[in-house]
Every structure is written in C-alpha cells, then in structure tokens.
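One file, work18.txt, carrying compact mmCIF, C-alpha atoms and all ligand atoms:
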```
# COMPACT_ATOMS: atom_id res chain seq x y z
CA MET Z 159 5.99 -2.98 19.94
CA LYS Z 160 5.14 -6.68 19.87
CA LYS Z 161 6.96 -9.28 17.77
CA VAL Z 162 6.85 -8.52 14.05
CA ILE Z 163 7.72 -11.00 11.31
CA ALA Z 164 8.00 -8.96 8.12
CA ILE Z 165 7.97 -10.54 4.67
CA ASP Z 166 8.64 -8.53 1.51
CA GLY Z 167 8.99 -9.53 -2.10
CA PRO Z 168 7.66 -8.95 -5.60
CA SER Z 169 4.22 -9.81 -6.94
CA GLY Z 170 3.58 -13.53 -7.24
CA ALA Z 171 6.39 -14.64 -4.92
CA GLY Z 172 3.85 -16.32 -2.62
CA LYS Z 173 3.98 -13.86 0.30
CA SER Z 174 0.28 -13.88 1.19
CA THR Z 175 -0.07 -17.65 1.25
CA ILE Z 176 3.03 -18.14 3.33
CA ALA Z 177 2.39 -15.21 5.69
CA ARG Z 178 -1.07 -16.59 6.45
CA LEU Z 179 0.34 -20.05 7.18
CA ILE Z 180 3.12 -18.74 9.42
CA ALA Z 181 0.68 -16.53 11.33
CA LYS Z 182 -1.65 -19.48 11.89
CA GLU Z 183 1.19 -21.75 13.00
CA LEU Z 184 2.53 -19.22 15.52
CA GLY Z 185 -0.81 -17.73 16.63
CA PHE Z 186 0.16 -14.29 15.32
CA ASP Z 187 -2.14 -11.80 13.59
CA TYR Z 188 -1.73 -11.39 9.83
CA LEU Z 189 -1.60 -8.15 7.86
CA ASP Z 190 -1.63 -7.99 4.05
CA THR Z 191 -0.39 -4.45 3.39
CA GLY Z 192 -0.98 -4.87 -0.35
CA ALA Z 193 -4.69 -5.16 0.46
CA LEU Z 194 -4.51 -1.73 2.15
CA TYR Z 195 -2.92 -0.18 -0.95
CA ARG Z 196 -5.49 -1.91 -3.12
CA ALA Z 197 -8.36 -0.56 -0.98
CA VAL Z 198 -6.92 2.95 -1.29
CA ALA Z 199 -6.72 2.53 -5.07
CA LEU Z 200 -10.35 1.36 -5.11
CA ALA Z 201 -11.46 4.34 -2.98
CA LEU Z 202 -9.65 6.76 -5.30
CA ARG Z 203 -11.00 5.08 -8.44
CA ASN Z 204 -14.54 5.06 -7.08
CA SER Z 205 -14.24 8.79 -6.46
CA GLY Z 206 -13.12 9.41 -10.02
CA ILE Z 207 -9.54 10.30 -9.07
CA LYS Z 208 -6.95 9.80 -11.79
CA PRO Z 209 -3.26 9.09 -11.15
CA GLU Z 210 -2.36 12.47 -12.65
CA ASP Z 211 -4.65 14.39 -10.24
CA GLY Z 212 -3.12 16.58 -7.56
CA ASP Z 213 -2.57 15.74 -3.89
CA ASP Z 214 -5.44 18.00 -2.75
CA GLN Z 215 -7.94 15.86 -4.63
CA LEU Z 216 -6.40 12.67 -3.26
CA ARG Z 217 -6.36 14.08 0.29
CA ASP Z 218 -10.11 14.77 0.21
CA VAL Z 219 -10.84 11.13 -0.61
CA LEU Z 220 -8.29 9.71 1.82
CA ASN Z 221 -9.59 11.84 4.69
CA ASN Z 222 -13.01 10.29 4.21
CA ALA Z 223 -11.89 6.72 3.70
CA SER Z 224 -12.01 4.14 6.45
CA ILE Z 225 -9.86 1.13 5.57
CA ILE Z 226 -9.74 -1.84 7.91
CA PHE Z 227 -8.05 -5.21 7.50
CA LYS Z 228 -9.63 -7.80 9.80
CA ASN Z 229 -9.52 -11.58 9.88
CA GLY Z 230 -8.04 -11.74 6.41
CA ARG Z 231 -10.72 -9.48 4.90
CA ILE Z 232 -10.46 -5.86 3.80
CA PHE Z 233 -13.19 -3.28 4.43
CA LEU Z 234 -13.56 0.08 2.74
CA ASN Z 235 -16.05 2.34 4.53
CA ASN Z 236 -17.49 -0.75 6.29
CA ARG Z 237 -18.02 -2.64 3.02
CA ASP Z 238 -16.14 -5.89 2.43
CA VAL Z 239 -14.16 -5.23 -0.75
CA SER Z 240 -11.90 -8.30 -0.54
CA GLU Z 241 -12.99 -9.50 -3.99
CA ASP Z 242 -13.27 -6.06 -5.64
CA ILE Z 243 -9.62 -5.23 -4.94
CA ARG Z 244 -8.39 -8.26 -6.94
CA SER Z 245 -9.40 -7.00 -10.41
CA LYS Z 246 -6.87 -6.30 -13.16
CA GLU Z 247 -7.68 -2.61 -12.94
CA ILE Z 248 -6.91 -2.42 -9.21
CA ASP Z 249 -3.77 -4.53 -9.73
CA HIS Z 250 -2.54 -1.72 -11.93
CA LEU Z 251 -3.92 1.27 -10.02
CA SER Z 252 -2.63 0.06 -6.64
CA SER Z 253 0.87 -0.07 -8.03
CA VAL Z 254 0.50 3.41 -9.58
CA PHE Z 255 -1.10 5.14 -6.59
CA SER Z 256 1.24 3.46 -4.09
CA ALA Z 257 4.17 5.40 -5.55
CA LYS Z 258 2.65 8.62 -4.17
CA LYS Z 259 3.93 10.00 -0.89
CA ILE Z 260 0.49 11.13 0.25
CA VAL Z 261 -0.83 7.56 -0.09
CA ARG Z 262 2.15 5.98 1.70
CA ASP Z 263 1.95 8.52 4.54
CA PHE Z 264 -1.77 7.83 4.89
CA LEU Z 265 -1.16 4.10 5.46
CA LEU Z 266 2.02 4.20 7.54
CA ASP Z 267 0.57 4.63 11.03
CA ALA Z 268 -2.28 2.24 10.33
CA GLN Z 269 0.30 -0.45 9.53
CA ARG Z 270 2.49 0.30 12.55
CA ASN Z 271 -0.47 0.38 14.93
CA THR Z 272 -1.27 -3.24 14.15
CA ALA Z 273 1.81 -4.32 16.12
CA VAL Z 274 1.09 -2.29 19.26
CA THR Z 275 -0.94 -4.94 21.03
CA THR Z 276 -0.44 -8.17 19.06
CA ASN Z 277 2.36 -10.19 17.52
CA ILE Z 278 2.02 -9.97 13.78
CA VAL Z 279 3.11 -11.41 10.45
CA VAL Z 280 3.05 -8.60 7.92
CA GLU Z 281 3.80 -8.75 4.21
CA GLY Z 282 4.26 -6.26 1.37
CA ARG Z 283 7.01 -4.31 -0.37
CA ASP Z 284 8.49 -2.06 2.34
CA THR Z 285 7.50 -3.79 5.58
CA THR Z 286 11.11 -4.90 6.26
CA THR Z 287 12.66 -1.55 5.31
CA VAL Z 288 10.30 1.32 6.14
CA VAL Z 289 7.27 0.20 8.11
CA PHE Z 290 9.07 -2.13 10.52
CA PRO Z 291 12.82 -1.59 10.07
CA ASP Z 292 13.30 -3.12 13.55
CA ALA Z 293 11.15 -6.17 12.91
CA TRP Z 294 11.99 -9.24 14.98
CA LYS Z 295 12.45 -11.37 11.83
CA LYS Z 296 12.75 -10.27 8.21
CA ILE Z 297 12.27 -12.41 5.15
CA TYR Z 298 12.60 -11.55 1.47
CA LEU Z 299 10.60 -13.98 -0.62
CA ASP Z 300 11.40 -14.15 -4.31
CA ALA Z 301 10.74 -16.43 -7.29
CA SER Z 302 11.66 -16.44 -10.97
CA MET Z 303 9.68 -14.27 -13.38
CA GLU Z 304 8.30 -17.36 -15.16
CA GLU Z 305 7.06 -18.91 -11.94
CA ARG Z 306 5.52 -15.68 -10.66
CA ALA Z 307 3.75 -15.05 -13.98
CA LYS Z 308 2.39 -18.61 -13.91
CA ARG Z 309 1.11 -18.24 -10.34
CA ARG Z 310 -0.55 -14.87 -11.00
CA SER Z 311 -2.21 -16.16 -14.14
CA LEU Z 312 -3.56 -19.15 -12.21
CA GLN Z 313 -4.84 -16.94 -9.38
CA PHE Z 314 -6.83 -14.85 -11.87
CA ARG Z 315 -8.19 -17.89 -13.65
CA GLU Z 316 -9.30 -19.41 -10.34
CA ARG Z 317 -11.37 -16.27 -9.85
CA GLY Z 318 -12.90 -16.66 -13.32
CA ILE Z 319 -10.86 -13.82 -14.89
CA LYS Z 320 -9.00 -14.54 -18.14
CA MET Z 321 -5.24 -14.02 -17.89
CA SER Z 322 -2.77 -15.58 -20.29
CA ILE Z 323 0.82 -16.24 -19.25
CA GLU Z 324 1.89 -13.53 -21.74
CA GLU Z 325 -0.41 -10.91 -20.20
CA SER Z 326 0.60 -11.97 -16.71
CA THR Z 327 4.31 -11.69 -17.59
CA LYS Z 328 3.80 -8.23 -19.05
CA ASN Z 329 1.88 -7.06 -15.95
CA ILE Z 330 4.50 -8.44 -13.60
CA ILE Z 331 7.36 -6.78 -15.47
CA GLU Z 332 5.52 -3.44 -15.34
CA ARG Z 333 4.67 -3.75 -11.66
CA ASP Z 334 8.17 -4.92 -10.70
CA MET Z 335 9.63 -1.86 -12.40
CA ARG Z 336 7.22 0.53 -10.73
CA ASP Z 337 7.36 -1.07 -7.27
CA SER Z 338 11.14 -1.34 -7.16
CA ARG Z 339 12.20 1.84 -9.00
CA ARG Z 340 9.95 4.40 -7.35
CA ASP Z 341 11.57 7.11 -5.21
CA ILE Z 342 9.69 6.40 -1.99
CA ALA Z 343 9.94 3.06 -0.19
CA PRO Z 344 10.90 0.96 -3.20
CA LEU Z 345 10.94 -2.82 -2.93
CA LYS Z 346 14.42 -3.98 -1.95
CA LYS Z 347 16.00 -6.68 0.15
CA PRO Z 348 17.52 -5.38 3.37
CA GLU Z 349 20.88 -6.85 4.47
CA ASP Z 350 19.37 -8.51 7.52
CA ALA Z 351 16.57 -10.37 5.75
CA LEU Z 352 16.61 -14.08 5.00
CA LEU Z 353 16.37 -14.55 1.22
CA ILE Z 354 14.22 -17.42 0.02
CA ASP Z 355 13.75 -18.23 -3.66
CA SER Z 356 10.49 -20.15 -3.83
CA SER Z 357 10.68 -20.96 -7.59
CA ASN Z 358 11.31 -24.66 -7.05
CA LEU Z 359 10.01 -25.07 -3.51
CA SER Z 360 6.64 -26.31 -2.35
CA ILE Z 361 4.66 -24.09 0.01
CA GLY Z 362 5.33 -26.63 2.75
CA LEU Z 363 9.09 -26.36 2.27
CA VAL Z 364 9.04 -22.55 2.26
CA LYS Z 365 7.03 -22.66 5.47
CA GLU Z 366 9.52 -25.07 7.04
CA LYS Z 367 12.49 -22.88 6.08
CA ILE Z 368 10.86 -19.79 7.56
CA LEU Z 369 9.87 -21.55 10.78
CA GLU Z 370 13.42 -22.89 11.13
CA PHE Z 371 14.78 -19.36 10.71
CA ILE Z 372 12.30 -17.94 13.21
CA ARG Z 373 13.02 -20.58 15.82
CA ALA Z 374 16.82 -20.54 15.35
CA GLU Z 375 17.71 -17.47 17.38
CA PRO Z 376 16.15 -15.39 20.13
O1 LIG A 1 1.04 -7.24 -2.70
P1 LIG A 1 0.00 -6.73 -3.71
O2 LIG A 1 0.22 -7.23 -5.11
O3 LIG A 1 -1.39 -6.98 -3.26
O4 LIG A 1 0.20 -5.14 -3.72
C1 LIG A 1 -0.49 -4.29 -4.61
C2 LIG A 1 0.35 -3.06 -4.89
O5 LIG A 1 0.46 -2.28 -3.69
C3 LIG A 1 1.78 -3.33 -5.34
O6 LIG A 1 1.90 -3.35 -6.75
C4 LIG A 1 2.57 -2.21 -4.73
C5 LIG A 1 1.75 -1.72 -3.57
N1 LIG A 1 2.32 -2.05 -2.26
C6 LIG A 1 3.27 -1.20 -1.77
O7 LIG A 1 3.65 -0.24 -2.43
N2 LIG A 1 3.77 -1.40 -0.52
C7 LIG A 1 3.39 -2.44 0.22
N3 LIG A 1 3.90 -2.62 1.44
C8 LIG A 1 2.44 -3.35 -0.30
C9 LIG A 1 1.92 -3.13 -1.57
```
Can you turn what I pasted into structure tokens?
Ligand code: DC
Amino acid sequence: MKKVIAIDGPSGAGKSTIARLIAKELGFDYLDTGALYRAVALALRNSGIKPEDGDDQLRDVLNNASIIFKNGRIFLNNRDVSEDIRSKEIDHLSSVFSAKKIVRDFLLDAQRNTAVTTNIVVEGRDTTTVVFPDAWKKIYLDASMEERAKRRSLQFRERGIKMSIEESTKNIIERDMRDSRRDIAPLKKPEDALLIDSSNLSIGLVKEKILEFIRAEP
C-alpha cells in the first residue's frame, strides 16, 4: 500500500475542501468517499429501490453499477453525475443507504484499491477506522454545529438550491445521528488521529496545521 492520509469527520466540517488542497500540495491523488456513497444512492434511487427494500433487490442494482471517481469527478455507468449527487434528496438517501452492510461491502475494495499504486488523500466517515486503519496519517476534522449548518446552507445556495440555516441545522442533526450511531462503521475519532476543530479557523490555517502534522514525523 502507498501512503494514505485519511481524513474523517461529520458533514460540513470542511473535509472535501481541505483534502483537495492537501492532495494538490503533496501531489497525492484525492478520493471523496462520500461521492461514492452518493453515487450508490443515486443508482438505487434511479432503479426505484427504497430504503426498506431487501438486500436481493439492492444487490441486483449494485452488481450492474459502475462507479468511478476520477480527477475530482464521479461517474455512474460512464455518466458524470457530480452535480446530480449533490441534491437534498441524495444528501438524505446516501446517509440512509450507507448504513447498510451490502452497500458498505460493495464499496470497500474499490476504496482500498485506490491506494495500491498511488499515494492518496482520502476523506469520509470511516476512512481512518475501517477502510484504512493503518493509514500513514489520520486526521479528524470537526466544527461546531452552527458553523457546519452555515457552511452547508451556503454550499446549497451557491448551487442555486434554497436552504435556510434552520433546514440545514435539522438535516445535519439527522445525518450526524445516522452516520455516527449506525451499527456498521459509524463515524468516530480513532485514538491516533489528529483532532482539528475548524470552527474558528480559516481554510489556510487548517491546511497549515495538517501539513505541519504530516511533515512532523516519518
Ligand atoms: O461526505 P458526504 O456528505 O458526501 O457523505 C454522504 C453520506 O455518505 C454521509 O451522510 C454518510 C455516507 N458516508 C459514509 O457512510 N462513509 C463514508 N466514508 C463517506 C460517506
């Protein structure tokens, strides 16, 4: 396995922005594992699968789905779905479907294989604990609920989708609960991860802190 820098944290903590910057700075590849879960949710939704459906129905769709993350874009069956996966509906469904073992198993090898030939910065919910428990460097990026809700609301509005702070807060509370209380691979900070609270830090400062941590030891 090549060098892996794994970054986990809740929704809105700033993982994607920072992971992209760190990857660029170090010349590593970048993998947004949330985009993989979102593409799976889109594939299942497009096939009419409901969260309450059985594994056999999910398996049929998964077996026929090709999901590829390349150069910061996500492709489902060769179609670029990078924008489609950012809707409110997929926000919700990705969190719901990602709690299922069959979905997590489906994506596990795909995530691990990304580090076979290239150094990588990977971010998500269980990249430091389950996908790459032996990662070279682990970071847990957090921020206050207020700050995360503000950032998520702004991200939606920048894409032309209405999202009040109240709605954003409600969504984040729901997703936090689901992502961190599920039975399989819940979001949690491992002992050996550097904790950074980005609530009052600029992106530049977060980047500096992470680079300092990465360069400190072998
Ligand atoms: O990081 P994100 O908001 O794009 O992720 C969307 C959902 O995917 C999130 O609510 C939970 C799930 N997810 C996961 O279960 N494990 C990961 N490593 C990444 C995302």
### Task
Between Z:Phe290, Z:Tyr298, Z:Phe264, Z:Tyr195, single out the one closest to ligand LIG 1 (chain A), counting all atoms listed in the file.
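Under the stated criterion, the closest residue is Z:Tyr195.
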### Message
Could you check the closest approach to Ile248 (chain Z) for each of Z:Ile372, Z:Gly318, Z:Gly192, Z:Thr285 and tell me which residue wins, using only C-alpha atoms?
### Response
Z:Gly192
I'd like a table as a Markdown table: residues in chain Z with an atom no more than 6 Å from ligand LIG 1 (chain A), each row giving the shortest atom pair and its distance in Å to one decimal, all atoms listed in the file counted, sorted by chain and rising residue number.
```
| residue | atom | partner | partner_atom | distance |
| --- | --- | --- | --- | --- |
| Z:Ser169 | CA | A:LIG1 | O2 | 5.1 |
| Z:Thr191 | CA | A:LIG1 | C8 | 4.8 |
| Z:Gly192 | CA | A:LIG1 | O4 | 3.6 |
| Z:Ala193 | CA | A:LIG1 | O3 | 5.3 |
| Z:Tyr195 | CA | A:LIG1 | O5 | 4.8 |
| Z:Arg196 | CA | A:LIG1 | C1 | 5.7 |
| Z:Ser252 | CA | A:LIG1 | C2 | 4.7 |
| Z:Ser253 | CA | A:LIG1 | O6 | 3.7 |
| Z:Ser256 | CA | A:LIG1 | O7 | 4.7 |
| Z:Gly282 | CA | A:LIG1 | N3 | 3.7 |
| Z:Arg283 | CA | A:LIG1 | N3 | 4.0 |
| Z:Asp284 | CA | A:LIG1 | N3 | 4.7 |
| Z:Thr285 | CA | A:LIG1 | N3 | 5.6 |
| Z:Arg333 | CA | A:LIG1 | O6 | 5.7 |
| Z:Asp337 | CA | A:LIG1 | C4 | 5.5 |
```
#### Entry: Residue neighbourhood Gln215 (chain Z), 12 Å, all atoms listed in the file, exclusion window fewer than 4 positions, as a VMD selection string
chain Z and resid 202 to 203 205 to 211 219 to 222 260 to 261
### Query
From the set Z:Lys346, Z:Lys365, Z:Arg244, Z:Arg262, which residue has the shortest atom-to-atom contact distance to Arg317 (chain Z), counting only C-alpha atoms?
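Once distances to Arg317 (chain Z) are computed over only C-alpha atoms, the minimum belongs to Z:Arg244.
If all atoms listed in the file are the atoms counted, then among Z:Val198, Z:Ile342, Z:Ile232, Z:Met303 the closest residue to Val288 (chain Z) is Z:Ile342.
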Please check which residues have atoms at most 12 Å from (2.5, -14.4, -1.1) in the file's coordinates, counting all atoms listed in the file, and write them as an mmCIF file with C-alpha atoms, in the coordinates of the input.
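In the end it all went to selection_0.cif:
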```cif
data_model
loop_
_atom_site.group_PDB
_atom_site.id
_atom_site.type_symbol
_atom_site.label_atom_id
_atom_site.label_comp_id
_atom_site.auth_asym_id
_atom_site.auth_seq_id
_atom_site.Cartn_x
_atom_site.Cartn_y
_atom_site.Cartn_z
ATOM 1 C CA ILE Z 165 7.970 -10.540 4.670
ATOM 2 C CA ASP Z 166 8.640 -8.530 1.510
ATOM 3 C CA GLY Z 167 8.990 -9.530 -2.100
ATOM 4 C CA PRO Z 168 7.660 -8.950 -5.600
ATOM 5 C CA SER Z 169 4.220 -9.810 -6.940
ATOM 6 C CA GLY Z 170 3.580 -13.530 -7.240
ATOM 7 C CA ALA Z 171 6.390 -14.640 -4.920
ATOM 8 C CA GLY Z 172 3.850 -16.320 -2.620
ATOM 9 C CA LYS Z 173 3.980 -13.860 0.300
ATOM 10 C CA SER Z 174 0.280 -13.880 1.190
ATOM 11 C CA THR Z 175 -0.070 -17.650 1.250
ATOM 12 C CA ILE Z 176 3.030 -18.140 3.330
ATOM 13 C CA ALA Z 177 2.390 -15.210 5.690
ATOM 14 C CA ARG Z 178 -1.070 -16.590 6.450
ATOM 15 C CA LEU Z 179 0.340 -20.050 7.180
ATOM 16 C CA ILE Z 180 3.120 -18.740 9.420
ATOM 17 C CA LEU Z 189 -1.600 -8.150 7.860
ATOM 18 C CA ASP Z 190 -1.630 -7.990 4.050
ATOM 19 C CA THR Z 191 -0.390 -4.450 3.390
ATOM 20 C CA GLY Z 192 -0.980 -4.870 -0.350
ATOM 21 C CA ALA Z 193 -4.690 -5.160 0.460
ATOM 22 C CA VAL Z 279 3.110 -11.410 10.450
ATOM 23 C CA VAL Z 280 3.050 -8.600 7.920
ATOM 24 C CA GLU Z 281 3.800 -8.750 4.210
ATOM 25 C CA GLY Z 282 4.260 -6.260 1.370
ATOM 26 C CA ARG Z 283 7.010 -4.310 -0.370
ATOM 27 C CA ILE Z 297 12.270 -12.410 5.150
ATOM 28 C CA TYR Z 298 12.600 -11.550 1.470
ATOM 29 C CA LEU Z 299 10.600 -13.980 -0.620
ATOM 30 C CA ASP Z 300 11.400 -14.150 -4.310
ATOM 31 C CA ALA Z 301 10.740 -16.430 -7.290
ATOM 32 C CA ARG Z 306 5.520 -15.680 -10.660
ATOM 33 C CA ARG Z 309 1.110 -18.240 -10.340
ATOM 34 C CA ARG Z 310 -0.550 -14.870 -11.000
ATOM 35 C CA GLN Z 313 -4.840 -16.940 -9.380
ATOM 36 C CA SER Z 356 10.490 -20.150 -3.830
ATOM 37 C CA ILE Z 361 4.660 -24.090 0.010
ATOM 38 C CA VAL Z 364 9.040 -22.550 2.260
ATOM 39 C CA LYS Z 365 7.030 -22.660 5.470
#
```
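Restricting the calculation to all atoms listed in the file, the smallest distance between Leu266 (chain Z) and any of Z:Lys228, Z:Arg373, Z:Val254, Z:Leu194 is found for Z:Leu194.
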### Query
For Lys296 (chain Z), which residue among Z:Lys347, Z:Lys308, Z:Lys160, Z:His250 is the nearest when counting all atoms listed in the file?
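Closest residue, counting all atoms listed in the file: Z:Lys347.
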### Query
Any idea what the distance is between CA of Glu316 (chain Z) and CA of Asp242 (chain Z)?
14.7 Å
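Pairwise distance (CA of Asp263 (chain Z), CA of Ser240 (chain Z)) equals 22.4 Å.
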### Query
What is the distance, in Å and to one decimal place, between CA of Val289 (chain Z) and CA of Val274 (chain Z)?
13.0 Å
### Query
Is there a way to get, as a ChimeraX atom specification, all residues within 10 Å of the point (11.2, 10.8, -2.4) in file coordinates, counting only C-alpha atoms?
/Z:257-259,340-344
